[in-house]
Amino acid sequence: MHDTPRDPPRTLRDSLAYLGPGIILASSIVGSGELIAATTVGAEAGFLLLWLIVIGCAIKVAAQIEIGRTTLTWGRTPLVAFDAVPGPRFAGRGWIYWGWVVMTLLIVVQQGGILMGVAQTLAAGVPLSRAGQEWNRVHDGAAAARIAEATARRGGDDAKADEIHAQLVALEAEGTTLTKPADETIWAIVTAIVTSALLAIGRYGVIERVAIVLVGTFVAVTLAALALLQFDPAWAISGPEFASGIIPSIPPAVGGRSPLMTALATFGIIGVGAAELMFYPYWCLEKGYGRAVGPREDSDQWADRAKGWIRVLTLDAWASMVVYTIVTVAFYLLGAATLGRLGLRPAGGEMVRALGAMYGPVFGTWASSLFLVGAFAVLYSTLFAAADGNSRIIGDGLVLAGLIPADDTSRRTWTRRIACTWPLVAMVFALIIREPVGMVLASGVAQAIMLAALGIAVLYFRYAASDLRLTPSRAWDALLWLSSAGLIVVGLWTVWQKAAQLLSAAT
């Protein structure tokens, strides 16, 4: 990586060689928001909220690019830029800073849920005890029987379905006699320690290559499952079902639970969540975009360089958006087509098996193994990339708080320490709470609310803190206003819905 300013690539082909931050972002994104949250919405709402999922992915990319633009323009880290947004201040720091602090605390809780998901996949695939093997035998058998029964009923073979249902009842009864083994707990501890060690020695290039492999693996498995599902008449998604998801509508509450509330929590973490919007520019700086632009100058040469590297950043952001939108929609449709029809909602210690049921109609007896490989890939890549990404912005936050020196050496030292500590703290939350879906959605609510603050911030960056030489087109401004308005509306709507929910519970 060069340490001096350099000219940007001039062609699309040359620009592709400089992509990378978006892949890191995608590896962090294609995880809990998609595998856990999006599928849970599909399980609760069927196809009716597909429109919200698509909007949730696409609407944030303009804000993402604008945050990157201000970072490259002024050579300051994103958290410093956010802290300069006008508004109330407390203890010397701005309102967005303190919102970020609260959100980050809940993100660690979310990471605990992801860690528990990783532990569940490992316990299901590599049991550590005879009790674990017996637990897997009974619960895997019940999961397979549940899918087989649903397939038979959807195919009109009620006699076969009744026979399978009897087997399911017997397996469920046997399951009640078993004591859950400690395999999941052991794997959670081992995973946290190994991840901490890997982060202690990791560099950007290593993380980037690992992320590409892991994300690519699960993308392939998920898209194949969705495509093959269409060849089975009992499970294929019909035209009217798909159309019902494209036309905006709000599904009714089921059992006192509103799928819309789950969807709003999901909105905060699918696509680019509030956290990813804030630390994406750190990956851009790590990739070298900032050094390539160089310190801001009044020269035409600097302006040309800045425009060129902003084009590269823009391409990187849009490329990652295409990846995570395709995968998010695939997860949602799989969840609606399988879990929704089976009446399964991922939760608790059986979250991974419930999610694995998405692949049963396509891969049959192979579903369990295929899903475990894919689930491990996407969840672990999320845990790994999020730890490394959040460590950078937390280090920056400690500098702003005056808790560590502002020199580059101190930043690097503390970034590494925070990254190594991150999975261990997540482990503590995982072992205490043990409700991965709830842990993920709690972070989603916080991030959905934070989106409103970021929507305001990007408008401030564009109109009050921009270099006139880098002024974008009117079409871009229109897109940015649409993105900001969407973030603000979703954030305020989430606050309203959550307040109404709490008031209803209190009365």
# chains A, B, ... in the order shown; residues from 1 in each chain; ligands from 1

$ residues_around --residues "A:Glu286" --least-positions-apart "4" --cutoff "9 Å" --atoms "only C-alpha atoms" --output "list in words"
Pro21, Tyr204, Pro281, Tyr282 and Gly290 of chain A

$ residues_around --residues "A:Leu115" --least-positions-apart "6" --cutoff "8 Å" --atoms "only C-alpha atoms" --output "count of residues only"
10

$ residues_around --residues "stretch 264-266 of chain A" --least-positions-apart "3" --cutoff "8 Å" --atoms "only C-alpha atoms" --output "MDAnalysis selection string"
chainID A and resid 33 37:38 41 260:261 269:270 441:448 490 494

$ write_last_selection --atoms "C-alpha atoms" --output "compact mmCIF listing (two decimals), in the first residue's frame"
# COMPACT_ATOMS: atom_id res chain seq x y z
CA GLY A 33 -29.50 -9.44 9.73
CA ALA A 37 -33.58 -11.40 11.35
CA ALA A 38 -34.80 -11.47 7.73
CA VAL A 41 -39.66 -11.72 9.51
CA LEU A 260 -44.07 -5.18 11.56
CA MET A 261 -42.18 -4.62 14.83
CA ILE A 269 -29.49 -4.27 10.53
CA ILE A 270 -30.28 -5.58 7.04
CA LEU A 441 -33.31 -7.81 17.22
CA ALA A 442 -32.53 -5.64 20.27
CA SER A 443 -29.53 -4.28 18.41
CA GLY A 444 -31.72 -3.89 15.34
CA VAL A 445 -34.11 -1.59 17.21
CA ALA A 446 -31.23 0.57 18.44
CA GLN A 447 -29.74 0.78 14.96
CA ALA A 448 -33.12 1.59 13.39
CA VAL A 490 -37.94 4.61 9.84
CA THR A 494 -39.51 2.66 15.27

$ closest_residue --among "A:His139, A:Arg305, A:Arg153, A:Arg416" --to "A:Thr176" --atoms "only C-alpha atoms"
A:His139

$ select_by_dssp --residues "stretch 145-354 of chain A" --states "alpha helix (DSSP H)" --output "MDAnalysis selection string"
chainID A and resid 145:154 158:176 183:201 204:229 239:246 259:267 274:287 289:293 300:334 340:342 351:354

$ closest_residue --among "A:Gly389, A:Gly397, A:Gly132, A:Gly155" --to "A:Leu79" --atoms "only C-alpha atoms"
A:Gly397

$ closest_residue --among "A:Leu334, A:Leu424, A:Ile36, A:Val221" --to "A:Ala387" --atoms "only C-alpha atoms"
A:Leu424

$ closest_residue --among "A:Leu492, A:Gly87, A:Phe384, A:Ile418" --to "A:Leu398" --atoms "only C-alpha atoms"
A:Ile418

$ atom_distance --atom1 "atom CA of A:Ala243" --atom2 "atom CA of A:Ala224"
21.6 Å

$ atom_distance --atom1 "atom CA of A:Arg10" --atom2 "atom CA of A:Phe461"
26.6 Å

$ select_by_dssp --residues "stretch 61-260 of chain A" --states "strand (DSSP E)" --output "list in words"
Arg89, Phe90, Arg93 and Gly94 of chain A

$ write_last_selection --atoms "N, CA and C atoms" --output "mmCIF file, in the first residue's frame"
data_model
loop_
_atom_site.group_PDB
_atom_site.id
_atom_site.type_symbol
_atom_site.label_atom_id
_atom_site.label_comp_id
_atom_site.auth_asym_id
_atom_site.auth_seq_id
_atom_site.Cartn_x
_atom_site.Cartn_y
_atom_site.Cartn_z
ATOM 1 N N ARG A 89 -25.137 18.885 23.308
ATOM 2 C CA ARG A 89 -23.861 18.289 23.694
ATOM 3 C C ARG A 89 -23.875 18.004 25.192
ATOM 4 N N PHE A 90 -23.183 16.930 25.564
ATOM 5 C CA PHE A 90 -23.096 16.542 26.971
ATOM 6 C C PHE A 90 -21.677 16.053 27.234
ATOM 7 N N ARG A 93 -19.232 16.162 24.323
ATOM 8 C CA ARG A 93 -19.455 15.360 23.122
ATOM 9 C C ARG A 93 -20.865 15.583 22.605
ATOM 10 N N GLY A 94 -21.044 15.417 21.284
ATOM 11 C CA GLY A 94 -22.322 15.681 20.650
ATOM 12 C C GLY A 94 -23.338 14.563 20.826
#

$ closest_residue --among "A:Gln167, A:Thr121, A:Thr222, A:Thr217" --to "A:Phe331" --atoms "only C-alpha atoms"
A:Thr222

$ closest_residue --among "A:Ala452, A:Ile193, A:Ala377, A:Ile246" --to "A:Cys420" --atoms "only C-alpha atoms"
A:Ile193

$ atom_distance --atom1 "atom CA of A:Glu134" --atom2 "atom CA of A:Ala357"
19.4 Å

$ residues_around --residues "A:Ala124" --least-positions-apart "5" --cutoff "9 Å" --atoms "only C-alpha atoms" --output "PyMOL selection string"
chain A and resi 119+132-133+135-136+140+183-184+352-353+368+372

$ write_last_selection --atoms "N, CA and C atoms" --output "short mmCIF file (atom, residue, chain, number, x, y, z; two decimals), in the first residue's frame"
data_model
loop_
_atom_site.label_atom_id
_atom_site.label_comp_id
_atom_site.auth_asym_id
_atom_site.auth_seq_id
_atom_site.Cartn_x
_atom_site.Cartn_y
_atom_site.Cartn_z
N ALA A 119 -21.95 -21.20 17.91
CA ALA A 119 -21.82 -22.33 18.83
C ALA A 119 -22.87 -23.40 18.56
N GLY A 132 -24.43 -35.09 23.62
CA GLY A 132 -24.63 -34.21 22.49
C GLY A 132 -25.06 -34.97 21.24
N GLN A 133 -24.48 -36.13 21.01
CA GLN A 133 -24.85 -36.95 19.87
C GLN A 133 -26.31 -37.40 19.98
N TRP A 135 -28.69 -35.92 21.72
CA TRP A 135 -29.53 -34.73 21.56
C TRP A 135 -29.73 -34.42 20.08
N ASN A 136 -28.64 -34.46 19.33
CA ASN A 136 -28.72 -34.17 17.90
C ASN A 136 -29.57 -35.21 17.17
N ASP A 140 -32.63 -33.60 15.42
CA ASP A 140 -32.50 -33.62 13.96
C ASP A 140 -33.60 -34.48 13.34
N ASP A 183 -22.42 -28.94 25.22
CA ASP A 183 -21.62 -28.75 24.00
C ASP A 183 -21.70 -27.32 23.48
N GLU A 184 -22.90 -26.75 23.49
CA GLU A 184 -23.10 -25.40 22.97
C GLU A 184 -22.29 -24.38 23.76
N VAL A 352 -30.86 -22.53 15.36
CA VAL A 352 -30.15 -23.03 14.18
C VAL A 352 -30.94 -24.15 13.51
N ARG A 353 -31.54 -25.05 14.28
CA ARG A 353 -32.32 -26.13 13.66
C ARG A 353 -33.56 -25.59 12.96
N SER A 368 -29.14 -30.71 6.59
CA SER A 368 -28.50 -30.38 7.86
C SER A 368 -27.03 -30.03 7.67
N LEU A 372 -25.39 -26.29 8.02
CA LEU A 372 -24.43 -26.03 9.09
C LEU A 372 -23.15 -25.40 8.54
#

$ residues_around --residues "stretch 295-302 of chain A" --least-positions-apart "5" --cutoff "7 Å" --atoms "only C-alpha atoms" --output "number ranges by chain"
A: 73-75

$ write_last_selection --atoms "C-alpha atoms" --output "compact mmCIF listing (two decimals), in the first residue's frame"
# COMPACT_ATOMS: atom_id res chain seq x y z
CA THR A 73 -12.64 15.17 1.58
CA TRP A 74 -11.56 16.36 5.01
CA GLY A 75 -9.26 13.54 6.08
